[in-house]
$ cat final.txt   # compact mmCIF, C-alpha atoms
# COMPACT_ATOMS: atom_id res chain seq x y z
CA ASP A 39 212.05 90.66 97.51
CA ARG A 40 212.90 92.25 94.17
CA ALA A 41 209.76 90.73 92.69
CA LYS A 42 207.66 92.18 95.48
CA MET A 43 209.25 95.61 95.11
CA SER A 44 208.65 95.47 91.37
CA SER A 45 205.03 94.56 91.98
CA ALA A 46 204.64 97.48 94.38
CA VAL A 47 206.05 99.83 91.78
CA MET A 48 203.68 98.50 89.13
CA VAL A 49 200.66 98.86 91.40
CA ALA A 50 201.65 102.40 92.34
CA SER A 51 202.14 103.15 88.66
CA ALA A 52 198.73 101.73 87.88
CA PHE A 53 197.09 104.10 90.33
CA ALA A 54 199.06 106.99 88.92
CA ASP A 55 197.59 106.01 85.56
CA ALA A 56 194.14 106.02 87.16
CA VAL A 57 194.63 109.60 88.28
CA ARG A 58 195.90 110.66 84.88
CA ALA A 59 192.98 108.85 83.28
CA ALA A 60 190.64 111.24 85.03
CA LYS A 61 192.13 114.14 83.09
CA GLY A 62 191.05 115.15 79.63
CA ASP A 63 187.75 115.19 77.78
CA ALA A 64 184.63 114.01 79.58
CA GLU A 65 183.65 111.44 76.91
CA ALA A 66 186.68 109.20 77.40
CA ARG A 67 187.31 109.92 81.10
CA ALA A 68 185.27 107.06 82.62
CA THR A 69 186.62 104.45 80.18
CA ARG A 70 190.24 105.37 80.83
CA LEU A 71 189.72 105.35 84.59
CA GLU A 72 188.16 101.86 84.47
CA THR A 73 191.01 100.61 82.27
CA ALA A 74 193.64 101.95 84.64
CA LEU A 75 191.93 100.40 87.64
CA SER A 76 191.71 97.08 85.81
CA ARG A 77 195.46 97.20 85.39
CA ALA A 78 195.84 97.90 89.09
CA GLU A 79 193.69 94.85 89.84
CA ARG A 80 195.90 92.60 87.75
CA GLU A 81 199.08 93.91 89.33
CA SER A 82 197.70 93.56 92.85
CA ALA A 83 196.82 89.91 92.21
CA ALA A 84 200.47 89.33 91.37
CA GLY A 85 201.76 90.92 94.58
CA SER A 86 199.01 91.08 97.17
CA SER A 87 201.43 90.94 100.11
CA VAL A 88 202.88 94.22 98.91
CA VAL A 89 199.54 95.82 98.09
CA VAL A 90 198.50 95.69 101.74
CA LEU A 91 201.38 98.02 102.53
CA ASP A 92 201.35 100.04 99.36
CA LEU A 93 197.67 100.92 98.98
CA GLN A 94 196.66 102.09 102.43
CA GLN A 95 196.52 105.66 101.12
CA LEU A 96 194.81 106.52 97.86
CA ASP A 97 195.17 110.14 96.77
CA LEU A 98 193.00 111.30 93.87
CA THR A 99 193.28 115.00 94.66
CA ASP A 100 192.48 117.44 91.84
CA ALA A 101 191.92 114.67 89.29
CA GLU A 102 188.80 116.29 87.82
CA LEU A 103 186.72 113.25 88.77
CA GLU A 104 182.99 113.64 88.28
CA GLU A 105 182.13 110.25 89.77
CA LEU A 106 183.87 107.49 91.65
CA SER A 107 184.50 104.08 90.18
CA SER A 108 183.30 101.14 92.27
CA ARG A 109 186.40 99.32 91.01
CA ILE A 110 188.21 101.01 93.90
CA LEU A 111 186.52 98.31 96.00
CA THR A 112 189.17 95.92 94.69
CA PHE A 113 191.40 97.45 97.37
CA GLY A 114 188.65 97.89 99.94
CA SER A 115 190.32 95.62 102.46
CA THR A 116 193.49 97.72 102.55
CA ILE A 117 192.62 101.39 101.99
CA THR A 118 192.57 103.41 105.22
CA GLU A 119 192.83 106.93 103.75
CA LEU A 120 190.97 108.17 100.69
CA ASN A 121 191.64 111.71 99.48
CA LEU A 122 189.15 113.02 96.92
CA PHE A 123 189.74 116.70 97.62
CA LEU A 124 189.16 119.22 94.82
CA ASN A 125 187.36 117.15 92.20
CA ALA A 126 183.94 117.44 90.56
CA LEU A 127 182.07 114.83 92.61
CA THR A 128 178.39 115.47 93.29
CA GLU A 129 177.69 112.50 95.59
CA ILE A 130 179.35 110.24 98.12
CA PRO A 131 178.13 106.89 96.72
CA LEU A 132 176.59 104.05 98.68
CA TRP A 133 179.31 101.55 97.80
CA ILE A 134 181.92 103.53 99.73
CA SER A 135 180.46 101.90 102.86
CA GLN A 136 182.32 98.76 101.81
CA LEU A 137 185.71 100.36 102.48
CA THR A 138 185.49 99.01 105.99
CA ARG A 139 189.06 99.90 107.05
CA LEU A 140 188.69 103.55 106.07
CA SER A 141 189.80 105.92 108.84
CA THR A 142 190.05 109.16 106.83
CA LEU A 143 187.72 110.31 104.05
CA LEU A 144 188.58 113.68 102.55
CA ALA A 145 185.97 114.80 100.02
CA GLY A 146 186.11 118.55 100.55
CA ALA A 147 186.05 121.14 97.77
CA ASN A 148 183.69 119.09 95.60
CA PRO A 149 180.27 120.29 94.39
CA LEU A 150 178.59 117.66 96.57
CA ARG A 151 174.81 117.66 96.53
CA ALA A 152 174.30 114.57 98.66
CA ILE A 153 175.78 111.84 100.80
CA ALA A 154 173.93 108.62 100.02
CA PRO A 155 171.81 107.78 103.13
CA ASN A 156 173.76 104.63 104.01
CA ALA A 157 177.12 105.56 102.49
CA LEU A 158 178.71 105.83 105.95
CA GLN A 159 177.14 102.64 107.27
CA GLY A 160 179.79 100.09 108.19
CA LEU A 161 182.67 102.58 108.36
CA ALA A 162 183.31 101.63 111.97
CA GLN A 163 186.90 102.89 111.92
CA LEU A 164 186.25 106.30 110.34
CA ARG A 165 187.87 109.04 112.43
CA VAL A 166 188.01 112.00 110.02
CA LEU A 167 185.28 113.05 107.57
CA ASP A 168 185.67 116.19 105.45
CA VAL A 169 182.83 117.19 103.11
CA GLY A 170 183.38 120.93 103.47
CA PHE A 171 183.46 123.68 100.85
CA SER A 172 180.84 121.96 98.71
CA GLU A 173 178.74 125.13 98.46
CA SER A 174 175.77 122.88 97.65
CA LEU A 175 175.52 120.09 100.25
CA SER A 176 172.17 120.69 101.98
CA ALA A 177 172.05 117.87 104.53
CA LEU A 178 174.04 115.39 106.56
CA PRO A 179 172.57 111.88 106.79
CA ASP A 180 169.90 111.74 109.53
CA ALA A 181 171.51 108.58 110.93
CA ILE A 182 175.10 109.87 110.84
CA GLY A 183 175.42 109.38 114.59
CA GLU A 184 174.27 105.77 114.46
CA GLN A 185 176.54 105.06 111.50
CA ILE A 186 179.89 106.50 112.59
CA GLY A 187 179.22 107.90 116.05
CA GLN A 188 181.49 105.48 117.90
CA SER A 189 184.62 106.31 115.91
CA LEU A 190 184.40 109.81 114.40
CA GLU A 191 186.70 112.43 115.92
CA VAL A 192 186.65 115.23 113.31
CA LEU A 193 183.70 116.32 111.14
CA LYS A 194 184.22 119.15 108.66
CA ALA A 195 181.18 120.30 106.70
CA GLY A 196 181.66 124.05 106.47
CA ASN A 197 180.68 126.29 103.57
CA GLY A 198 177.65 124.44 102.26
CA ARG A 199 173.88 124.78 102.48
CA ILE A 200 173.18 122.56 105.46
CA ASP A 201 170.10 123.83 107.30
CA ASN A 202 169.79 121.20 110.00
CA ILE A 203 172.07 119.35 112.42
CA PRO A 204 170.78 115.77 112.85
CA SER A 205 169.86 114.96 116.45
CA SER A 206 171.86 111.74 116.09
CA ILE A 207 174.98 113.92 116.38
CA GLY A 208 174.59 113.38 120.11
CA LEU A 209 175.74 109.78 119.69
CA MET A 210 179.22 110.89 118.68
CA GLN A 211 180.90 110.23 121.98
CA ASN A 212 184.44 110.64 120.60
CA LEU A 213 183.88 113.75 118.47
CA ARG A 214 186.59 116.35 119.14
CA GLU A 215 186.06 118.87 116.34
CA LEU A 216 182.82 119.94 114.66
CA HIS A 217 183.09 122.49 111.84
CA LEU A 218 179.74 123.60 110.41
CA TYR A 219 180.48 127.25 109.68
CA GLY A 220 179.11 129.01 106.61
CA ASN A 221 175.85 127.07 106.30
CA GLU A 222 172.15 127.89 106.77
CA ILE A 223 171.64 126.32 110.21
CA ARG A 224 168.85 127.91 112.25
CA ALA A 225 168.87 125.69 115.34
CA VAL A 226 171.25 123.52 117.37
CA PRO A 227 169.86 120.23 118.71
CA ILE A 228 169.99 119.78 122.47
CA GLU A 229 171.65 116.42 121.84
CA LEU A 230 174.87 118.20 120.84
CA GLY A 231 175.51 118.61 124.56
CA ASN A 232 176.16 114.85 124.71
CA CYS A 233 179.35 115.16 122.63
CA VAL A 234 181.38 115.43 125.80
CA GLN A 235 184.80 115.03 124.12
CA LEU A 236 184.26 118.09 121.93
CA ARG A 237 187.17 120.56 121.90
CA VAL A 238 186.28 122.76 118.91
CA LEU A 239 182.77 123.84 117.90
CA ASN A 240 182.52 126.20 114.93
CA LEU A 241 179.01 127.36 114.05
CA GLY A 242 179.99 130.75 112.66
CA ARG A 243 178.20 132.32 109.68
CA ASN A 244 174.89 130.55 110.11
CA GLN A 245 171.38 131.76 110.95
CA LEU A 246 171.22 130.89 114.64
CA THR A 247 168.89 132.93 116.83
CA VAL A 248 169.11 130.87 120.04
CA LEU A 249 171.25 128.20 121.64
CA PRO A 250 169.79 125.25 123.53
CA ASN A 251 170.36 124.48 127.18
CA GLY A 252 172.80 121.63 127.69
CA LEU A 253 175.90 122.91 125.92
CA GLY A 254 177.34 123.55 129.37
CA LYS A 255 178.03 119.80 129.53
CA LEU A 256 180.83 120.24 126.99
CA LEU A 257 183.40 120.57 129.75
CA LYS A 258 186.38 119.95 127.46
CA LEU A 259 185.38 122.61 124.92
CA GLU A 260 188.28 124.96 124.12
CA GLN A 261 186.94 126.94 121.15
CA LEU A 262 183.38 128.17 120.60
CA GLN A 263 182.89 130.05 117.33
CA LEU A 264 179.47 131.73 116.98
CA TYR A 265 180.37 134.77 114.87
CA ASP A 266 178.05 136.15 112.15
CA ASN A 267 174.76 134.77 113.46
CA ASP A 268 171.52 136.34 114.73
CA LEU A 269 171.90 135.33 118.37
CA SER A 270 170.24 137.33 121.12
CA ALA A 271 171.45 137.79 124.67
CA PRO A 272 171.44 136.44 127.22
CA LEU A 273 172.83 133.07 126.19
CA PRO A 274 171.95 129.95 128.24
CA ALA A 275 173.25 130.22 131.78
CA ASP A 276 174.92 126.80 131.76
CA LEU A 277 177.60 128.07 129.35
CA ILE A 278 179.32 129.44 132.44
CA GLU A 279 180.33 125.81 133.12
CA LEU A 280 182.72 125.84 130.14
CA THR A 281 185.80 126.35 132.27
CA ALA A 282 188.20 124.92 129.65
CA LEU A 283 187.14 127.49 127.06
CA CYS A 284 190.01 129.54 125.62
CA VAL A 285 188.31 131.14 122.60
CA LEU A 286 184.82 132.65 122.51
CA ASN A 287 183.90 134.44 119.27
CA LEU A 288 180.54 136.23 119.18
CA ARG A 289 181.46 138.98 116.75
CA HIS A 290 178.76 140.35 114.48
CA ASN A 291 175.70 139.22 116.42
CA ALA A 292 173.71 142.43 116.32
CA ASN A 293 171.70 141.82 119.49
CA PHE A 294 174.74 141.77 121.75
CA ALA A 295 176.11 144.77 123.55
CA VAL A 296 179.80 145.47 123.22
CA PRO A 297 181.35 144.05 126.42
CA PRO A 298 182.98 146.66 128.68
CA ARG A 299 186.73 146.89 128.45
CA GLU A 300 187.21 145.33 131.87
CA VAL A 301 185.18 142.31 130.75
CA LEU A 302 187.28 141.84 127.62
CA ARG A 303 190.45 142.13 129.68
CA GLY A 304 189.13 139.68 132.24
CA GLY A 305 189.37 136.68 129.94
CA VAL A 306 186.91 134.17 128.56
CA GLN A 307 185.24 133.36 131.87
CA ARG A 308 184.39 137.02 132.46
CA GLN A 309 183.01 137.19 128.93
CA LEU A 310 180.86 134.12 129.56
CA GLU A 311 179.47 135.73 132.68
CA PHE A 312 178.62 138.82 130.66
CA VAL A 313 176.92 137.11 127.67
CA THR A 314 174.81 134.92 129.95
CA SER A 315 173.52 137.96 131.84
CA SER A 316 170.92 140.57 130.93
CA LYS A 317 173.71 143.14 130.59
CA ALA A 318 174.53 141.73 127.16
CA SER A 319 171.03 142.22 125.75
CA SER A 320 171.49 145.76 124.41
CA ARG A 321 170.93 145.98 120.66
CA VAL A 322 174.36 147.46 120.07
CA HIS A 323 176.38 145.74 117.35
CA ALA A 324 179.14 143.61 118.87
CA SER A 325 182.59 144.42 117.57

$ encode --input "final.txt" --output "structure tokens"
Amino acid sequence: DRAKMSSAVMVASAFADAVRAAKGDAEARATRLETALSRAERESAAGSSVVVLDLQQLDLTDAELEELSSRILTFGSTITELNLFLNALTEIPLWISQLTRLSTLLAGANPLRAIAPNALQGLAQLRVLDVGFSESLSALPDAIGEQIGQSLEVLKAGNGRIDNIPSSIGLMQNLRELHLYGNEIRAVPIELGNCVQLRVLNLGRNQLTVLPNGLGKLLKLEQLQLYDNDLSAPLPADLIELTALCVLNLRHNANFAVPPREVLRGGVQRQLEFVTSSKASSRVHAS
């Protein structure tokens, strides 16, 4: 038991070295990271029964990483959570698809320009994906629904340059939260109405002018954020079916009339009735 505990400590220390290796000048960064991961490989071989328990979570937050080392695949059969938040990564690489037990991938606050087309393929257990605050990510993979649609519950991709929501999003039958605020999205695919487990939909600060019919099928939706868009009233009539809705935010859509006080006091359902009627079509700025 002492030998196993010692091995666990050495492996944890090796990964700490890997994080520290990412610091410093750019010229030596990659070499030091590879060396540290090599040490981790050797230590894991000496205590693999411990590694399964010890390396389920790999946190490389704020390590100034500019690229990921494929040597992380050494622990691909054990890692379930990978935290890459606040680094300098520009791409989610293809090889990450080999981390088949991954349930949480946090890659937010990186200057991501792309997710490799098949990087999510094979991540059948992925429940949480965060690629938000990239300020440069312009697209989600077209096949994202086919790749992780059966497992994904939370998708965060806010504050980027995404201009299109893939129609395959409709295959995400277990999706509960979709955060795409602060992008350049001009249209919402009708297939989004098939995400029937959705509780939170945040499309604020985009360039939407219309919503499709079919969103009324999201009967479990509790929050609908549509602030800071270019939407015109009336909205699709089937939105009145959203009886579980608790929060409706349509602020700063210039083509909406300010709802009367009695409508605002009447709750979300009264507001839905108003915005799906012609009464909301006045070109008075909504407050």

$ residues_around --input "final.txt" --residues "Arg199 of chain A" --least-positions-apart "5" --cutoff "6 Å" --atoms "only C-alpha atoms" --output "list in words"
Ser174, Leu175, Ser176, Asn221 and Glu222 of chain A

$ closest_residue --input "final.txt" --among "A:Asn232, A:Ala157, A:Arg165, A:Leu106" --to "Glu119 of chain A" --atoms "all atoms listed in the file"
A:Arg165

$ atom_distance --input "final.txt" --atom1 "atom CA of Val306 of chain A" --atom2 "atom CA of Gln263 of chain A"
12.6 Å

$ residues_around --input "final.txt" --residues "Asp276 of chain A" --least-positions-apart "2" --cutoff "7 Å" --atoms "all atoms listed in the file" --output "VMD selection string"
chain A and resid 251 to 252 254 274 278 to 279

$ atom_distance --input "final.txt" --atom1 "atom CA of Gln235 of chain A" --atom2 "atom CA of Gly160 of chain A"
22.4 Å

$ closest_residue --input "final.txt" --among "A:Gln163, A:Gln185, A:Asn267, A:Asn287" --to "Ser206 of chain A" --atoms "all atoms listed in the file"
A:Gln185

$ atom_distance --input "final.txt" --atom1 "atom CA of Ile186 of chain A" --atom2 "atom CA of Val285 of chain A"
27.9 Å

$ residues_around --input "final.txt" --residues "Ala147 of chain A" --least-positions-apart "2" --cutoff "7 Å" --atoms "only C-alpha atoms" --output "NGL selection string"
:A and (123-125 or 145 or 149 or 170-172)

$ closest_residue --input "final.txt" --among "A:Ile182, A:Ile134, A:Thr128, A:Leu262" --to "Ile110 of chain A" --atoms "only C-alpha atoms"
A:Ile134

$ closest_residue --input "final.txt" --among "A:Arg224, A:Arg139, A:His290, A:Arg214" --to "Asp201 of chain A" --atoms "all atoms listed in the file"
A:Arg224

$ residues_near_point --input "final.txt" --point "(180.7, 133.6, 128.3)" --cutoff "10 Å" --atoms "all atoms listed in the file" --output "MDAnalysis selection string"
chainID A and resid 262 272:281 283 285:288 305:315

$ write_last_selection --input "final.txt" --atoms "C-alpha atoms" --output "PDB file, in the coordinates of the input"
ATOM      1  CA  LEU A 262     183.380 128.170 120.600  1.00  0.00           C
ATOM      2  CA  PRO A 272     171.440 136.440 127.220  1.00  0.00           C
ATOM      3  CA  LEU A 273     172.830 133.070 126.190  1.00  0.00           C
ATOM      4  CA  PRO A 274     171.950 129.950 128.240  1.00  0.00           C
ATOM      5  CA  ALA A 275     173.250 130.220 131.780  1.00  0.00           C
ATOM      6  CA  ASP A 276     174.920 126.800 131.760  1.00  0.00           C
ATOM      7  CA  LEU A 277     177.600 128.070 129.350  1.00  0.00           C
ATOM      8  CA  ILE A 278     179.320 129.440 132.440  1.00  0.00           C
ATOM      9  CA  GLU A 279     180.330 125.810 133.120  1.00  0.00           C
ATOM     10  CA  LEU A 280     182.720 125.840 130.140  1.00  0.00           C
ATOM     11  CA  THR A 281     185.800 126.350 132.270  1.00  0.00           C
ATOM     12  CA  LEU A 283     187.140 127.490 127.060  1.00  0.00           C
ATOM     13  CA  VAL A 285     188.310 131.140 122.600  1.00  0.00           C
ATOM     14  CA  LEU A 286     184.820 132.650 122.510  1.00  0.00           C
ATOM     15  CA  ASN A 287     183.900 134.440 119.270  1.00  0.00           C
ATOM     16  CA  LEU A 288     180.540 136.230 119.180  1.00  0.00           C
ATOM     17  CA  GLY A 305     189.370 136.680 129.940  1.00  0.00           C
ATOM     18  CA  VAL A 306     186.910 134.170 128.560  1.00  0.00           C
ATOM     19  CA  GLN A 307     185.240 133.360 131.870  1.00  0.00           C
ATOM     20  CA  ARG A 308     184.390 137.020 132.460  1.00  0.00           C
ATOM     21  CA  GLN A 309     183.010 137.190 128.930  1.00  0.00           C
ATOM     22  CA  LEU A 310     180.860 134.120 129.560  1.00  0.00           C
ATOM     23  CA  GLU A 311     179.470 135.730 132.680  1.00  0.00           C
ATOM     24  CA  PHE A 312     178.620 138.820 130.660  1.00  0.00           C
ATOM     25  CA  VAL A 313     176.920 137.110 127.670  1.00  0.00           C
ATOM     26  CA  THR A 314     174.810 134.920 129.950  1.00  0.00           C
ATOM     27  CA  SER A 315     173.520 137.960 131.840  1.00  0.00           C
TER      28      SER A 315
END

$ closest_residue --input "final.txt" --among "A:Gly208, A:Gly220, A:Pro179, A:Gly187" --to "Arg243 of chain A" --atoms "all atoms listed in the file"
A:Gly220

$ residues_near_point --input "final.txt" --point "(175.4, 131.2, 113.8)" --cutoff "6 Å" --atoms "all atoms listed in the file" --output "list in words"
Leu241, Gly242, Arg243, Asn244, Gln245, Leu246, Leu264, Asp266 and Asn267 of chain A

$ write_last_selection --input "final.txt" --atoms "C-alpha atoms" --output "PDB file, in the frame of the given file"
ATOM      1  CA  LEU A 241     179.010 127.360 114.050  1.00  0.00           C
ATOM      2  CA  GLY A 242     179.990 130.750 112.660  1.00  0.00           C
ATOM      3  CA  ARG A 243     178.200 132.320 109.680  1.00  0.00           C
ATOM      4  CA  ASN A 244     174.890 130.550 110.110  1.00  0.00           C
ATOM      5  CA  GLN A 245     171.380 131.760 110.950  1.00  0.00           C
ATOM      6  CA  LEU A 246     171.220 130.890 114.640  1.00  0.00           C
ATOM      7  CA  LEU A 264     179.470 131.730 116.980  1.00  0.00           C
ATOM      8  CA  ASP A 266     178.050 136.150 112.150  1.00  0.00           C
ATOM      9  CA  ASN A 267     174.760 134.770 113.460  1.00  0.00           C
TER      10      ASN A 267
END

$ residues_around --input "final.txt" --residues "Pro227 of chain A" --least-positions-apart "6" --cutoff "9 Å" --atoms "only C-alpha atoms" --output "PyMOL selection string"
chain A and resi 202-205+207-208+249-250

$ write_last_selection --input "final.txt" --atoms "C-alpha atoms" --output "compact mmCIF listing (two decimals), keeping the file's coordinate frame"
# COMPACT_ATOMS: atom_id res chain seq x y z
CA ASN A 202 169.79 121.20 110.00
CA ILE A 203 172.07 119.35 112.42
CA PRO A 204 170.78 115.77 112.85
CA SER A 205 169.86 114.96 116.45
CA ILE A 207 174.98 113.92 116.38
CA GLY A 208 174.59 113.38 120.11
CA LEU A 249 171.25 128.20 121.64
CA PRO A 250 169.79 125.25 123.53

$ residues_around --input "final.txt" --residues "Val169 of chain A" --least-positions-apart "6" --cutoff "7 Å" --atoms "all atoms listed in the file" --output "tab-separated table (two decimals) with C-alpha atoms, keeping the file's coordinate frame"
chain	number	residue	atom	x	y	z
A	144	LEU	CA	188.58	113.68	102.55
A	145	ALA	CA	185.97	114.80	100.02
A	146	GLY	CA	186.11	118.55	100.55
A	194	LYS	CA	184.22	119.15	108.66
A	195	ALA	CA	181.18	120.30	106.70

$ build_atoms --input "final.txt" --residues "segment 124-142 of chain A" --atoms "N, CA, C and O atoms" --output "PDB file, in the frame of the given file"
ATOM      1  N   LEU A 124     189.052 118.370  95.998  1.00  0.00           N
ATOM      2  CA  LEU A 124     189.160 119.220  94.820  1.00  0.00           C
ATOM      3  C   LEU A 124     188.941 118.438  93.524  1.00  0.00           C
ATOM      4  O   LEU A 124     189.779 118.404  92.627  1.00  0.00           O
ATOM      5  N   ASN A 125     187.775 117.793  93.439  1.00  0.00           N
ATOM      6  CA  ASN A 125     187.360 117.150  92.200  1.00  0.00           C
ATOM      7  C   ASN A 125     186.010 117.737  91.779  1.00  0.00           C
ATOM      8  O   ASN A 125     185.689 118.858  92.142  1.00  0.00           O
ATOM      9  N   ALA A 126     185.245 116.979  91.027  1.00  0.00           N
ATOM     10  CA  ALA A 126     183.940 117.440  90.560  1.00  0.00           C
ATOM     11  C   ALA A 126     182.836 116.477  90.989  1.00  0.00           C
ATOM     12  O   ALA A 126     181.819 116.337  90.324  1.00  0.00           O
ATOM     13  N   LEU A 127     183.027 115.830  92.123  1.00  0.00           N
ATOM     14  CA  LEU A 127     182.070 114.830  92.610  1.00  0.00           C
ATOM     15  C   LEU A 127     180.808 115.504  93.132  1.00  0.00           C
ATOM     16  O   LEU A 127     180.874 116.514  93.829  1.00  0.00           O
ATOM     17  N   THR A 128     179.660 114.926  92.823  1.00  0.00           N
ATOM     18  CA  THR A 128     178.390 115.470  93.290  1.00  0.00           C
ATOM     19  C   THR A 128     177.735 114.590  94.354  1.00  0.00           C
ATOM     20  O   THR A 128     176.752 115.001  94.961  1.00  0.00           O
ATOM     21  N   GLU A 129     178.284 113.400  94.596  1.00  0.00           N
ATOM     22  CA  GLU A 129     177.690 112.500  95.590  1.00  0.00           C
ATOM     23  C   GLU A 129     178.757 111.596  96.192  1.00  0.00           C
ATOM     24  O   GLU A 129     179.690 111.176  95.509  1.00  0.00           O
ATOM     25  N   ILE A 130     178.600 111.316  97.483  1.00  0.00           N
ATOM     26  CA  ILE A 130     179.350 110.240  98.120  1.00  0.00           C
ATOM     27  C   ILE A 130     178.515 108.985  97.924  1.00  0.00           C
ATOM     28  O   ILE A 130     177.418 108.865  98.482  1.00  0.00           O
ATOM     29  N   PRO A 131     178.982 108.027  97.111  1.00  0.00           N
ATOM     30  CA  PRO A 131     178.130 106.890  96.720  1.00  0.00           C
ATOM     31  C   PRO A 131     177.957 105.858  97.831  1.00  0.00           C
ATOM     32  O   PRO A 131     178.756 105.772  98.761  1.00  0.00           O
ATOM     33  N   LEU A 132     176.919 105.066  97.688  1.00  0.00           N
ATOM     34  CA  LEU A 132     176.590 104.050  98.680  1.00  0.00           C
ATOM     35  C   LEU A 132     177.700 103.017  98.835  1.00  0.00           C
ATOM     36  O   LEU A 132     178.005 102.580  99.947  1.00  0.00           O
ATOM     37  N   TRP A 133     178.343 102.635  97.727  1.00  0.00           N
ATOM     38  CA  TRP A 133     179.310 101.550  97.800  1.00  0.00           C
ATOM     39  C   TRP A 133     180.541 101.894  98.640  1.00  0.00           C
ATOM     40  O   TRP A 133     181.293 101.006  99.033  1.00  0.00           O
ATOM     41  N   ILE A 134     180.738 103.173  98.938  1.00  0.00           N
ATOM     42  CA  ILE A 134     181.920 103.530  99.730  1.00  0.00           C
ATOM     43  C   ILE A 134     181.843 102.938 101.133  1.00  0.00           C
ATOM     44  O   ILE A 134     182.846 102.806 101.828  1.00  0.00           O
ATOM     45  N   SER A 135     180.637 102.539 101.554  1.00  0.00           N
ATOM     46  CA  SER A 135     180.460 101.900 102.860  1.00  0.00           C
ATOM     47  C   SER A 135     181.191 100.566 102.954  1.00  0.00           C
ATOM     48  O   SER A 135     181.387 100.039 104.053  1.00  0.00           O
ATOM     49  N   GLN A 136     181.607 100.036 101.812  1.00  0.00           N
ATOM     50  CA  GLN A 136     182.320  98.760 101.810  1.00  0.00           C
ATOM     51  C   GLN A 136     183.820  98.904 102.063  1.00  0.00           C
ATOM     52  O   GLN A 136     184.525  97.904 102.184  1.00  0.00           O
ATOM     53  N   LEU A 137     184.303 100.146 102.138  1.00  0.00           N
ATOM     54  CA  LEU A 137     185.710 100.360 102.480  1.00  0.00           C
ATOM     55  C   LEU A 137     185.846 100.334 103.997  1.00  0.00           C
ATOM     56  O   LEU A 137     186.080 101.348 104.644  1.00  0.00           O
ATOM     57  N   THR A 138     185.715  99.164 104.554  1.00  0.00           N
ATOM     58  CA  THR A 138     185.490  99.010 105.990  1.00  0.00           C
ATOM     59  C   THR A 138     186.696  99.378 106.857  1.00  0.00           C
ATOM     60  O   THR A 138     186.547  99.538 108.069  1.00  0.00           O
ATOM     61  N   ARG A 139     187.882  99.514 106.262  1.00  0.00           N
ATOM     62  CA  ARG A 139     189.060  99.900 107.050  1.00  0.00           C
ATOM     63  C   ARG A 139     189.329 101.405 106.973  1.00  0.00           C
ATOM     64  O   ARG A 139     190.291 101.896 107.556  1.00  0.00           O
ATOM     65  N   LEU A 140     188.475 102.125 106.283  1.00  0.00           N
ATOM     66  CA  LEU A 140     188.690 103.550 106.070  1.00  0.00           C
ATOM     67  C   LEU A 140     188.676 104.313 107.396  1.00  0.00           C
ATOM     68  O   LEU A 140     187.739 104.206 108.178  1.00  0.00           O
ATOM     69  N   SER A 141     189.737 105.080 107.646  1.00  0.00           N
ATOM     70  CA  SER A 141     189.800 105.920 108.840  1.00  0.00           C
ATOM     71  C   SER A 141     189.725 107.400 108.498  1.00  0.00           C
ATOM     72  O   SER A 141     189.352 108.215 109.344  1.00  0.00           O
ATOM     73  N   THR A 142     190.077 107.762 107.257  1.00  0.00           N
ATOM     74  CA  THR A 142     190.050 109.160 106.830  1.00  0.00           C
ATOM     75  C   THR A 142     189.425 109.244 105.445  1.00  0.00           C
ATOM     76  O   THR A 142     189.890 108.592 104.502  1.00  0.00           O
TER      77      THR A 142
END
